[in-house]
$ cat work_10.txt   # compact mmCIF, C-alpha atoms and all ligand atoms
# COMPACT_ATOMS: atom_id res chain seq x y z
CA MET A 441 0.00 0.00 0.00
CA SER A 442 1.25 3.48 -0.87
CA ASN A 443 1.81 6.13 1.77
CA LEU A 444 0.92 8.83 -0.70
CA MET A 445 -2.34 10.70 -0.33
CA ASN A 446 -4.79 9.53 -2.91
CA THR A 447 -4.84 12.73 -4.98
CA TYR A 448 -3.80 11.38 -8.37
CA MET A 449 -5.14 8.65 -10.63
CA GLN A 450 -1.65 7.58 -11.66
CA LEU A 451 -0.91 5.61 -14.78
CA PRO A 452 0.87 2.29 -14.25
CA VAL A 453 4.36 3.39 -15.29
CA THR A 454 7.50 4.65 -13.51
CA PHE A 455 10.02 6.64 -15.51
CA VAL A 456 13.64 6.44 -14.50
CA LYS A 457 15.45 8.33 -17.25
CA GLY A 458 14.83 11.07 -19.80
CA ASP A 459 16.66 12.44 -22.80
CA GLY A 460 15.19 15.07 -25.12
CA MET A 461 11.77 13.94 -26.35
CA TRP A 462 12.17 10.46 -24.81
CA LEU A 463 11.58 8.76 -21.48
CA TRP A 464 12.49 5.25 -20.28
CA ASP A 465 10.62 3.21 -17.70
CA GLU A 466 12.13 0.87 -15.12
CA HIS A 467 11.95 -2.05 -17.54
CA GLY A 468 13.86 -0.20 -20.25
CA LYS A 469 10.81 0.49 -22.45
CA ARG A 470 11.11 3.78 -24.33
CA TYR A 471 8.29 6.37 -24.62
CA LEU A 472 7.87 9.39 -26.87
CA ASP A 473 6.76 12.29 -24.68
CA ALA A 474 4.13 14.51 -26.31
CA LEU A 475 3.15 16.10 -22.97
CA ALA A 476 6.47 17.34 -21.52
CA GLY A 477 5.31 17.10 -17.92
CA VAL A 478 2.21 19.16 -18.87
CA ALA A 479 3.94 22.00 -20.74
CA VAL A 480 6.82 22.10 -18.27
CA CYS A 481 9.89 20.56 -19.90
CA GLY A 482 10.19 23.04 -22.77
CA LEU A 483 13.82 22.13 -23.41
CA GLY A 484 13.01 18.42 -23.40
CA HIS A 485 14.30 16.08 -20.72
CA CYS A 486 17.72 16.70 -19.20
CA HIS A 487 18.93 19.27 -21.71
CA PRO A 488 22.73 19.29 -21.21
CA LYS A 489 22.91 23.08 -20.82
CA LEU A 490 20.17 23.01 -18.15
CA VAL A 491 21.78 20.09 -16.32
CA LYS A 492 25.10 21.93 -16.35
CA ALA A 493 23.61 25.24 -15.14
CA ILE A 494 21.69 23.57 -12.30
CA SER A 495 24.69 21.46 -11.26
CA GLU A 496 27.07 24.41 -11.27
CA GLN A 497 24.67 26.65 -9.36
CA ALA A 498 23.99 23.89 -6.83
CA GLY A 499 27.72 23.61 -6.21
CA MET A 500 27.99 27.38 -5.74
CA LEU A 501 24.89 28.49 -3.80
CA ILE A 502 21.40 26.99 -3.57
CA HIS A 503 19.37 29.22 -1.28
CA THR A 504 19.82 32.31 0.80
CA SER A 505 16.52 34.15 1.42
CA ASN A 506 14.70 37.10 -0.03
CA LEU A 507 15.97 39.03 2.98
CA TYR A 508 19.11 39.53 0.85
CA HIS A 509 19.84 40.57 -2.72
CA ILE A 510 19.95 37.70 -5.18
CA ASP A 511 21.95 38.52 -8.30
CA LYS A 512 20.39 35.92 -10.59
CA GLN A 513 16.90 36.99 -9.50
CA GLU A 514 17.63 40.57 -10.58
CA LYS A 515 18.95 39.25 -13.89
CA LEU A 516 15.92 37.04 -14.45
CA ALA A 517 13.53 39.90 -13.64
CA SER A 518 15.34 42.16 -16.07
CA ARG A 519 15.37 39.48 -18.77
CA LEU A 520 11.64 38.77 -18.40
CA ALA A 521 10.89 42.50 -18.37
CA ALA A 522 12.80 42.97 -21.63
CA LEU A 523 11.10 40.02 -23.31
CA SER A 524 7.58 40.97 -22.23
CA THR A 525 7.80 44.79 -21.89
CA MET A 526 6.52 44.35 -18.34
CA ASP A 527 8.27 46.34 -15.59
CA LYS A 528 8.59 44.24 -12.45
CA ALA A 529 8.60 40.64 -11.28
CA PHE A 530 7.70 38.75 -8.12
CA PHE A 531 9.04 35.18 -7.98
CA CYS A 532 7.35 32.19 -6.43
CA ASN A 533 7.31 28.43 -7.01
CA SER A 534 4.22 27.49 -9.00
CA GLY A 535 1.42 28.66 -11.22
CA ALA A 536 -1.12 28.78 -8.41
CA GLU A 537 1.22 30.94 -6.35
CA ALA A 538 1.82 33.27 -9.29
CA ASN A 539 -1.95 33.69 -9.64
CA GLU A 540 -2.35 34.18 -5.88
CA ALA A 541 0.11 37.05 -6.18
CA ALA A 542 -1.91 38.50 -9.08
CA ILE A 543 -5.20 38.18 -7.16
CA LYS A 544 -3.72 39.83 -4.07
CA LEU A 545 -2.26 42.58 -6.24
CA ALA A 546 -5.65 43.25 -7.83
CA ARG A 547 -7.40 43.36 -4.45
CA LEU A 548 -4.83 45.79 -3.05
CA TYR A 549 -5.11 47.89 -6.21
CA GLY A 550 -8.86 48.06 -5.53
CA HIS A 551 -8.51 48.96 -1.87
CA ASN A 552 -6.06 51.71 -2.83
CA LYS A 553 -8.92 53.14 -4.93
CA ASN A 554 -11.30 52.83 -1.95
CA ILE A 555 -13.13 49.84 -3.40
CA ASP A 556 -13.93 47.82 -0.27
CA LEU A 557 -15.14 44.66 -2.00
CA PRO A 558 -12.82 44.36 -4.99
CA THR A 559 -14.11 41.88 -7.55
CA ILE A 560 -12.22 40.11 -10.34
CA ILE A 561 -13.86 39.00 -13.58
CA VAL A 562 -12.93 35.38 -14.41
CA MET A 563 -13.89 33.01 -17.21
CA GLU A 564 -15.91 29.86 -17.66
CA ARG A 565 -13.72 26.81 -18.37
CA SER A 566 -10.65 28.58 -16.96
CA PHE A 567 -8.00 26.99 -14.78
CA HIS A 568 -5.80 28.96 -12.41
CA GLY A 569 -4.67 26.44 -9.78
CA ARG A 570 -5.68 24.52 -6.66
CA THR A 571 -5.24 26.96 -3.79
CA MET A 572 -8.46 28.41 -2.35
CA ALA A 573 -8.28 31.67 -4.30
CA THR A 574 -7.19 30.07 -7.56
CA LEU A 575 -9.72 27.25 -7.44
CA THR A 576 -12.40 29.86 -6.78
CA ALA A 577 -11.15 31.75 -9.85
CA SER A 578 -11.17 28.54 -11.93
CA GLY A 579 -14.24 27.90 -14.07
CA ASN A 580 -14.49 24.20 -13.36
CA ARG A 581 -16.87 22.84 -10.72
CA LYS A 582 -14.79 19.68 -10.39
CA VAL A 583 -11.89 21.57 -8.79
CA GLN A 584 -14.25 23.45 -6.44
CA ALA A 585 -16.71 20.77 -5.31
CA GLY A 586 -16.25 19.85 -1.67
CA PHE A 587 -14.11 22.85 -0.83
CA GLU A 588 -16.83 25.37 -0.12
CA PRO A 589 -17.03 28.01 1.22
CA LEU A 590 -15.28 29.50 -1.80
CA LEU A 591 -13.92 33.02 -1.72
CA THR A 592 -16.03 36.05 -2.56
CA GLY A 593 -14.82 38.70 -4.97
CA PHE A 594 -15.05 36.86 -8.29
CA THR A 595 -17.64 37.09 -11.04
CA ARG A 596 -17.71 34.74 -13.99
CA VAL A 597 -18.39 35.24 -17.71
CA PRO A 598 -17.94 33.04 -20.79
CA TYR A 599 -14.50 33.05 -22.45
CA ASN A 600 -14.43 34.91 -25.78
CA ASP A 601 -17.41 37.08 -24.85
CA ALA A 602 -16.37 40.72 -24.33
CA THR A 603 -19.99 41.87 -24.46
CA ALA A 604 -20.77 39.94 -21.28
CA ILE A 605 -18.05 41.94 -19.54
CA GLU A 606 -19.33 45.24 -20.89
CA LYS A 607 -22.70 44.47 -19.29
CA ILE A 608 -21.07 43.87 -15.91
CA ALA A 609 -19.08 47.10 -16.24
CA SER A 610 -22.27 49.11 -16.51
CA HIS A 611 -23.64 48.05 -13.11
CA ASN A 612 -20.84 46.60 -10.95
CA LYS A 613 -18.59 49.31 -9.55
CA ASN A 614 -16.50 46.83 -7.55
CA ILE A 615 -14.66 45.35 -10.53
CA VAL A 616 -10.90 45.85 -10.32
CA ALA A 617 -9.48 43.38 -12.85
CA ILE A 618 -10.01 40.73 -15.49
CA LEU A 619 -8.09 37.47 -14.99
CA VAL A 620 -7.94 35.33 -18.13
CA GLU A 621 -5.70 32.72 -19.72
CA SER A 622 -4.43 34.14 -23.02
CA TYR A 623 -5.08 30.64 -24.36
CA GLN A 624 -7.11 28.28 -22.21
CA GLY A 625 -5.22 25.05 -21.54
CA GLU A 626 -7.08 22.73 -19.14
CA GLY A 627 -10.40 24.04 -20.49
CA GLY A 628 -9.69 22.32 -23.82
CA VAL A 629 -7.04 24.33 -25.72
CA ASN A 630 -9.33 27.27 -26.48
CA LEU A 631 -7.81 30.21 -28.35
CA PRO A 632 -9.04 33.80 -28.18
CA GLN A 633 -11.12 34.97 -31.13
CA ALA A 634 -9.67 37.75 -33.26
CA ASN A 635 -9.72 41.01 -31.25
CA TYR A 636 -10.85 39.36 -28.00
CA LEU A 637 -7.73 40.32 -26.05
CA GLN A 638 -7.78 43.78 -27.65
CA ASP A 639 -11.40 44.18 -26.52
CA LEU A 640 -10.42 43.19 -22.98
CA ARG A 641 -7.53 45.68 -23.10
CA TYR A 642 -9.96 48.40 -24.21
CA LEU A 643 -12.45 47.58 -21.43
CA CYS A 644 -9.69 47.60 -18.81
CA ASP A 645 -8.36 50.95 -20.01
CA LYS A 646 -11.83 52.46 -20.11
CA ASN A 647 -12.78 51.29 -16.61
CA ASN A 648 -9.38 51.51 -14.91
CA TRP A 649 -9.21 47.75 -14.37
CA LEU A 650 -6.11 45.59 -14.53
CA LEU A 651 -5.81 43.14 -17.41
CA MET A 652 -4.23 40.06 -15.84
CA LEU A 653 -3.15 37.29 -18.21
CA ASP A 654 -2.46 33.79 -16.93
CA GLU A 655 0.30 32.50 -19.22
CA VAL A 656 1.33 29.69 -16.89
CA GLN A 657 0.69 27.14 -19.64
CA CYS A 658 0.85 29.07 -22.91
CA GLY A 659 3.85 31.28 -22.07
CA ILE A 660 7.63 30.80 -22.46
CA GLY A 661 7.75 30.15 -26.18
CA ARG A 662 5.10 27.47 -26.46
CA SER A 663 2.79 29.55 -28.69
CA GLY A 664 5.67 30.43 -31.05
CA LYS A 665 6.25 33.76 -29.33
CA TRP A 666 7.67 34.31 -25.87
CA PHE A 667 4.17 35.06 -24.59
CA ALA A 668 0.85 34.23 -26.22
CA PHE A 669 -0.44 37.79 -25.78
CA GLN A 670 2.26 38.89 -28.23
CA HIS A 671 0.11 37.47 -31.04
CA SER A 672 -2.48 40.15 -30.19
CA ALA A 673 -0.62 43.49 -30.18
CA ILE A 674 -1.55 44.34 -26.60
CA THR A 675 0.25 44.27 -23.27
CA PRO A 676 -1.32 43.19 -20.01
CA ASP A 677 -0.96 44.96 -16.67
CA VAL A 678 -0.18 41.69 -14.91
CA MET A 679 1.02 38.36 -16.29
CA THR A 680 1.65 35.08 -14.51
CA LEU A 681 4.16 32.42 -15.54
CA ALA A 682 5.32 29.07 -14.20
CA LYS A 683 5.22 25.74 -16.03
CA GLY A 684 7.81 26.21 -18.79
CA LEU A 685 9.83 28.87 -16.98
CA GLY A 686 12.31 26.52 -15.30
CA SER A 687 11.96 23.64 -17.77
CA GLY A 688 11.23 21.30 -14.85
CA PHE A 689 12.81 23.18 -11.99
CA PRO A 690 9.92 24.72 -9.98
CA ILE A 691 9.60 28.48 -10.40
CA GLY A 692 6.70 30.86 -10.93
CA ALA A 693 6.51 34.57 -11.60
CA CYS A 694 3.98 37.37 -11.41
CA LEU A 695 4.99 40.24 -13.69
CA ALA A 696 3.43 43.68 -13.59
CA LYS A 697 3.57 46.85 -15.64
CA GLY A 698 2.99 50.56 -15.00
CA LYS A 699 0.65 51.35 -12.13
CA ALA A 700 0.25 47.63 -11.34
CA ALA A 701 4.01 47.34 -10.80
CA GLU A 702 3.82 49.88 -7.96
CA VAL A 703 1.03 48.24 -5.93
CA PHE A 704 2.99 45.88 -3.66
CA LYS A 705 5.04 47.46 -0.90
CA PRO A 706 7.38 45.71 1.56
CA GLY A 707 5.35 43.36 3.73
CA ASN A 708 2.47 42.93 1.29
CA HIS A 709 3.65 39.65 -0.22
CA ALA A 710 6.50 37.18 0.17
CA SER A 711 7.81 33.70 -0.48
CA THR A 712 10.48 31.72 1.36
CA PHE A 713 11.78 29.81 -1.65
CA GLY A 714 10.61 32.08 -4.47
CA GLY A 715 13.34 33.10 -6.87
CA ASN A 716 16.23 31.44 -5.08
CA PRO A 717 19.59 31.23 -6.90
CA LEU A 718 19.04 27.66 -8.11
CA ALA A 719 15.56 28.31 -9.51
CA CYS A 720 16.72 31.49 -11.22
CA ALA A 721 19.71 29.73 -12.77
CA ALA A 722 17.31 27.16 -14.25
CA ALA A 723 14.99 29.86 -15.61
CA LEU A 724 17.78 32.02 -17.05
CA THR A 725 19.22 28.99 -18.82
CA THR A 726 15.79 28.02 -20.13
CA LEU A 727 15.36 31.47 -21.69
CA ASN A 728 18.90 31.41 -23.11
CA VAL A 729 18.49 28.01 -24.73
CA ILE A 730 15.10 28.92 -26.24
CA GLU A 731 16.84 31.86 -27.88
CA GLU A 732 20.11 30.14 -28.84
CA GLU A 733 18.37 27.14 -30.40
CA ASP A 734 15.64 29.18 -32.10
CA LEU A 735 13.00 27.11 -30.35
CA MET A 736 10.10 29.52 -30.84
CA ARG A 737 10.47 29.27 -34.61
CA ASN A 738 10.64 25.51 -34.16
CA ALA A 739 7.45 25.59 -32.06
CA THR A 740 5.66 27.48 -34.84
CA ASP A 741 6.97 25.26 -37.65
CA VAL A 742 6.48 21.89 -36.02
CA GLY A 743 3.17 22.96 -34.46
CA ASN A 744 1.82 23.95 -37.88
CA PHE A 745 3.18 20.74 -39.34
CA ILE A 746 1.47 18.63 -36.64
CA ARG A 747 -1.90 20.35 -37.15
CA SER A 748 -1.76 20.04 -40.93
CA GLU A 749 -0.76 16.35 -40.69
CA PHE A 750 -3.64 15.71 -38.29
CA ARG A 751 -6.02 17.49 -40.67
CA ALA A 752 -4.81 15.28 -43.50
CA GLN A 753 -5.39 12.20 -41.37
CA LEU A 754 -8.62 13.14 -39.58
CA ASP A 755 -10.51 15.81 -41.51
CA ASN A 756 -13.16 13.50 -42.89
CA VAL A 757 -13.41 11.27 -39.86
CA THR A 758 -16.86 11.46 -38.25
CA GLY A 759 -16.50 12.16 -34.54
CA VAL A 760 -13.50 14.47 -34.88
CA THR A 761 -15.03 17.84 -34.00
CA GLN A 762 -12.05 20.19 -34.36
CA ILE A 763 -8.27 20.29 -34.63
CA ARG A 764 -6.95 23.49 -33.10
CA GLY A 765 -4.12 25.24 -31.31
CA GLN A 766 -1.15 27.47 -31.88
CA GLY A 767 2.50 26.56 -31.80
CA LEU A 768 2.96 23.52 -29.60
CA MET A 769 -0.36 23.79 -27.80
CA ILE A 770 -2.47 21.34 -29.75
CA GLY A 771 -6.04 20.17 -29.18
CA ILE A 772 -8.11 17.59 -31.02
CA GLU A 773 -11.72 17.63 -29.91
CA LEU A 774 -13.82 14.51 -30.35
CA SER A 775 -17.58 14.24 -30.17
CA ARG A 776 -17.48 12.09 -27.02
CA PRO A 777 -15.34 11.57 -23.87
CA CYS A 778 -12.08 9.85 -24.77
CA GLY A 779 -10.01 9.68 -21.58
CA GLU A 780 -9.19 6.02 -22.23
CA LEU A 781 -6.97 7.07 -25.16
CA VAL A 782 -4.29 8.10 -22.67
CA ARG A 783 -3.81 4.49 -21.55
CA GLU A 784 -3.98 3.21 -25.12
CA ALA A 785 -1.25 5.65 -26.17
CA LEU A 786 0.90 4.64 -23.21
CA ILE A 787 0.76 1.01 -24.29
CA HIS A 788 2.01 2.21 -27.69
CA GLY A 789 4.88 4.08 -26.02
CA LEU A 790 3.42 7.57 -26.32
CA LEU A 791 2.52 10.11 -23.62
CA ILE A 792 -0.53 12.27 -24.37
CA ASN A 793 -3.26 13.91 -22.31
CA VAL A 794 -7.03 14.31 -22.51
CA THR A 795 -8.53 17.42 -20.95
CA SER A 796 -12.07 18.73 -20.65
CA ASP A 797 -13.25 15.09 -21.19
CA LYS A 798 -13.06 15.02 -24.96
CA VAL A 799 -10.06 17.08 -26.04
CA ILE A 800 -6.83 15.23 -26.78
CA ARG A 801 -4.11 17.64 -25.74
CA LEU A 802 -0.52 17.58 -26.95
CA LEU A 803 2.10 19.82 -25.34
CA PRO A 804 5.44 18.48 -26.57
CA SER A 805 8.80 20.07 -25.79
CA LEU A 806 9.87 22.99 -27.94
CA ILE A 807 12.82 20.91 -29.22
CA ILE A 808 10.54 18.46 -31.07
CA GLN A 809 11.70 17.51 -34.59
CA ARG A 810 9.61 16.49 -37.58
CA ASP A 811 10.30 12.78 -37.37
CA GLU A 812 9.06 12.72 -33.77
CA ALA A 813 6.06 14.83 -34.79
CA THR A 814 5.28 12.32 -37.55
CA GLN A 815 5.39 9.45 -35.08
CA ILE A 816 3.03 11.26 -32.71
CA VAL A 817 0.53 12.05 -35.49
CA SER A 818 0.65 8.49 -36.75
CA VAL A 819 0.01 6.82 -33.35
CA VAL A 820 -2.64 9.36 -32.23
CA SER A 821 -4.52 9.29 -35.56
CA THR A 822 -4.61 5.49 -35.55
CA LEU A 823 -5.87 5.41 -31.96
CA ILE A 824 -8.55 8.03 -32.67
CA LYS A 825 -9.83 6.19 -35.74
CA LYS A 826 -9.96 2.89 -33.86
CA PHE A 827 -11.68 4.57 -30.89
CA LEU A 828 -14.33 6.23 -33.04
CA GLU A 829 -15.15 3.04 -34.94
CA ILE A 830 -16.35 1.30 -31.78
C1 LIG A 901 -1.08 24.52 -14.49
C2 LIG A 901 -1.74 25.84 -14.48
C3 LIG A 901 -1.86 26.58 -13.30
C4 LIG A 901 -1.45 26.03 -11.95
O1 LIG A 901 -0.08 25.83 -11.87
P1 LIG A 901 0.54 24.97 -10.65
O2 LIG A 901 2.01 25.11 -10.85
O3 LIG A 901 0.05 23.58 -10.80
O4 LIG A 901 0.07 25.59 -9.40
C5 LIG A 901 -2.42 27.84 -13.37
N1 LIG A 901 -2.84 28.35 -14.55
C6 LIG A 901 -2.75 27.66 -15.69
C7 LIG A 901 -3.22 28.29 -16.97
C8 LIG A 901 -2.21 26.38 -15.71
O5 LIG A 901 -2.16 25.69 -16.84
$ encode --input "work_10.txt" --output "structure tokens"
Amino acid sequence: MSNLMNTYMQLPVTFVKGDGMWLWDEHGKRYLDALAGVAVCGLGHCHPKLVKAISEQAGMLIHTSNLYHIDKQEKLASRLAALSTMDKAFFCNSGAEANEAAIKLARLYGHNKNIDLPTIIVMERSFHGRTMATLTASGNRKVQAGFEPLLTGFTRVPYNDATAIEKIASHNKNIVAILVESYQGEGGVNLPQANYLQDLRYLCDKNNWLLMLDEVQCGIGRSGKWFAFQHSAITPDVMTLAKGLGSGFPIGACLAKGKAAEVFKPGNHASTFGGNPLACAAALTTLNVIEEEDLMRNATDVGNFIRSEFRAQLDNVTGVTQIRGQGLMIGIELSRPCGELVREALIHGLLINVTSDKVIRLLPSLIIQRDEATQIVSVVSTLIKKFLEI
């Protein structure tokens, strides 16, 4: 019997080694990884430059405390600011923590404007994490059920519906911010419609709200640009990052711009581990390698290739509702729940994911090459066709 709390429905496999796009289990069987630890291992498994940077930093200095200056944290903040045109960063250890920071920032921003019950607009089908504030913000009853009372101070609208927000603006004077994933991940790989993010930017400007983008999943090169919002010619006031930032080493960040960057004062927020030298070394190296190896262009090219290959294989297959995504965030929606495909794929030596019940989700590393992409398309298409025939 396991001494682990029963929080995960784990698949019957134990990986012991990784290299690039590949993983090996304890029996020596090899698996092609089209999930990358759920959008985490952007550089693939055990990238030599990442291994070297982490090893060297570990031998030099692992942790001090945010009571002291941390050189690599300053460098990482400055690097992220330059890449995103945001001004300031707060470092933490996960996506949920990054969003907690954003939520606290928005509430404080509201109180500073004498709004006593600051309220954040959040989306249906969103996912922001598993802490009390972030599960309240998430638009998925499954992550909330059993954990009531939820927090107050959130109001929900459909994703891709700016008109719904305009209606709220006209009567709710407590709104302080919109929190939205630039691209929804867990909700089924849902992309913003043309002008949606621009409309949100306009509404935030008009009403003095903060536009807060959760790029925990879609950020750090996965969309083909550093940040998914950069496809939309806007900038947010707040942006959260985590998953791909350390390529497997835990680190999260809440970035802020302009007036939002001035909200937190000493004592308002903190983290013991956040942004320690080791985590920052991992993140700086991740950003360097993405640049050096031109991985965003690769994400665009191979992502487009994967989607067009899937269309060629599946376009006329009844039961395939839509093939969508951008860069290396790929969703294939079927007409019925298909969670069992994950186990089928595993048997065939392939790691995939199904989210939102009927969306097959692929989030491979940014280093993926065409031959690996071809293998993924071939196995997944075959499994889908077989599944839909039954
Ligand atoms: C995974 C995810 C989170 C939560 O991140 P954790 O590191 O698991 O806390 C938040 N937002 C989005 C969009 C995510 O995909």
$ closest_residue --input "work_10.txt" --among "A:Asn635, A:Gln624, A:Asn648, A:Thr822" --to "ligand LIG 901 (chain A)" --atoms "only C-alpha atoms and all ligand atoms"
A:Gln624
$ closest_residue --input "work_10.txt" --among "A:Asn716, A:Thr761, A:Ser687, A:Gln657" --to "ligand LIG 901 (chain A)" --atoms "only C-alpha atoms and all ligand atoms"
A:Gln657
$ axis_aligned_box --input "work_10.txt" --around "segment 795-799 of chain A" --padding-each-side "5 Å" --output "JSON"
{"center_x": -10.9, "center_y": 16.9, "center_z": -23.3, "size_x": 14.7, "size_y": 13.7, "size_z": 15.4}
$ residues_around --input "work_10.txt" --residues "segment 590-602 of chain A" --least-positions-apart "6" --cutoff "9 Å" --atoms "only C-alpha atoms" --output "VMD selection string"
chain A and resid 547 557 to 566 572 to 573 575 to 577 579 584 614 to 615 620 624 630 to 633 636 to 637 639 to 640 643
$ residues_near_ligand --input "work_10.txt" --ligand "ligand LIG 901 (chain A)" --cutoff "10 Å" --atoms "all atoms listed in the file" --output "number ranges by chain"
A: 478-480, 532-540, 566-571, 574-575, 578, 620-627, 653-659, 680-684, 690-692
$ closest_atom_pairs --input "work_10.txt" --of "segment 603-722 of chain A" --to "segment 506-527 of chain A" --cutoff "6 Å" --atoms "all atoms listed in the file" --output "tab-separated table"
residue	atom	partner	partner_atom	distance
A:Ala696	CA	A:Met526	CA	5.7
A:Lys697	CA	A:Met526	CA	4.7
A:Gly715	CA	A:Gln513	CA	5.9
A:Cys720	CA	A:Gln513	CA	5.8
$ residues_around --input "work_10.txt" --residues "Leu685 of chain A" --least-positions-apart "5" --cutoff "7 Å" --atoms "only C-alpha atoms" --output "list in words"
Ile660, Ile691, Ala723 and Thr726 of chain A
$ atom_distance --input "work_10.txt" --atom1 "atom CA of Ile543 of chain A" --atom2 "atom CA of Ile502 of chain A"
29.1 Å
$ closest_atom_pairs --input "work_10.txt" --of "segment 609-668 of chain A" --to "segment 734-750 of chain A" --cutoff "10 Å" --atoms "all atoms listed in the file" --output "Markdown table"
| residue | atom | partner | partner_atom | distance |
| --- | --- | --- | --- | --- |
| A:Ile660 | CA | A:Met736 | CA | 8.8 |
| A:Gly661 | CA | A:Met736 | CA | 5.3 |
| A:Arg662 | CA | A:Ala739 | CA | 6.4 |
| A:Ser663 | CA | A:Ala739 | CA | 7.0 |
| A:Gly664 | CA | A:Met736 | CA | 4.5 |
| A:Lys665 | CA | A:Met736 | CA | 5.9 |
| A:Trp666 | CA | A:Met736 | CA | 7.3 |
$ write_last_selection --input "work_10.txt" --atoms "C-alpha atoms" --output "PDB file, in the coordinates of the input"
ATOM      1  CA  ILE A 660       7.630  30.800 -22.460  1.00  0.00           C
ATOM      2  CA  GLY A 661       7.750  30.150 -26.180  1.00  0.00           C
ATOM      3  CA  ARG A 662       5.100  27.470 -26.460  1.00  0.00           C
ATOM      4  CA  SER A 663       2.790  29.550 -28.690  1.00  0.00           C
ATOM      5  CA  GLY A 664       5.670  30.430 -31.050  1.00  0.00           C
ATOM      6  CA  LYS A 665       6.250  33.760 -29.330  1.00  0.00           C
ATOM      7  CA  TRP A 666       7.670  34.310 -25.870  1.00  0.00           C
TER       8      TRP A 666
END
$ atom_distance --input "work_10.txt" --atom1 "atom CA of Gln670 of chain A" --atom2 "atom CA of Met652 of chain A"
14.0 Å
$ atom_distance --input "work_10.txt" --atom1 "atom CA of Asp473 of chain A" --atom2 "atom CA of Phe713 of chain A"
29.4 Å
$ closest_residue --input "work_10.txt" --among "A:Ala493, A:Val820, A:Met441, A:Val760" --to "Leu718 of chain A" --atoms "only C-alpha atoms"
A:Ala493
$ residues_around --input "work_10.txt" --residues "Leu828 of chain A" --least-positions-apart "3" --cutoff "8 Å" --atoms "all atoms listed in the file" --output "list in words"
Thr758, Gly759, Ile824 and Lys825 of chain A
$ write_last_selection --input "work_10.txt" --atoms "C-alpha atoms" --output "PDB file, in the frame of the given file"
ATOM      1  CA  THR A 758     -16.860  11.460 -38.250  1.00  0.00           C
ATOM      2  CA  GLY A 759     -16.500  12.160 -34.540  1.00  0.00           C
ATOM      3  CA  ILE A 824      -8.550   8.030 -32.670  1.00  0.00           C
ATOM      4  CA  LYS A 825      -9.830   6.190 -35.740  1.00  0.00           C
TER       5      LYS A 825
END
$ closest_residue --input "work_10.txt" --among "A:Met445, A:Ala498, A:Leu472, A:Met679" --to "Ile816 of chain A" --atoms "only C-alpha atoms"
A:Leu472
$ closest_residue --input "work_10.txt" --among "A:Leu781, A:Val729, A:Cys486, A:Leu650" --to "Gly698 of chain A" --atoms "all atoms listed in the file"
A:Leu650
$ closest_residue --input "work_10.txt" --among "A:Lys544, A:Lys646, A:Lys457, A:His611" --to "Arg470 of chain A" --atoms "all atoms listed in the file"
A:Lys457
$ decode --input "work_10.txt" --residues "segment 628-636 of chain A" --atoms "N, CA, C and O atoms" --output "compact mmCIF listing (two decimals), in the first residue's frame"
# COMPACT_ATOMS: atom_id res chain seq x y z
N GLY A 628 -9.52 22.99 -22.53
CA GLY A 628 -9.69 22.32 -23.82
C GLY A 628 -8.92 22.96 -24.97
O GLY A 628 -9.32 22.82 -26.12
N VAL A 629 -7.83 23.65 -24.68
CA VAL A 629 -7.04 24.33 -25.72
C VAL A 629 -7.95 25.27 -26.52
O VAL A 629 -8.22 25.06 -27.71
N ASN A 630 -8.43 26.29 -25.84
CA ASN A 630 -9.33 27.27 -26.48
C ASN A 630 -8.57 28.57 -26.73
O ASN A 630 -8.02 29.15 -25.81
N LEU A 631 -8.55 28.99 -27.98
CA LEU A 631 -7.81 30.21 -28.35
C LEU A 631 -8.75 31.41 -28.34
O LEU A 631 -9.96 31.27 -28.54
N PRO A 632 -8.20 32.60 -28.13
CA PRO A 632 -9.04 33.80 -28.18
C PRO A 632 -9.45 34.09 -29.63
O PRO A 632 -8.65 33.91 -30.54
N GLN A 633 -10.69 34.52 -29.81
CA GLN A 633 -11.12 34.97 -31.13
C GLN A 633 -10.39 36.24 -31.51
O GLN A 633 -9.91 36.96 -30.63
N ALA A 634 -10.32 36.52 -32.79
CA ALA A 634 -9.67 37.75 -33.26
C ALA A 634 -10.23 38.93 -32.47
O ALA A 634 -11.44 39.05 -32.29
N ASN A 635 -9.35 39.79 -31.98
CA ASN A 635 -9.72 41.01 -31.25
C ASN A 635 -10.22 40.80 -29.82
O ASN A 635 -10.50 41.78 -29.13
N TYR A 636 -10.34 39.56 -29.37
CA TYR A 636 -10.85 39.36 -28.00
C TYR A 636 -9.94 40.03 -26.97
O TYR A 636 -10.40 40.81 -26.13
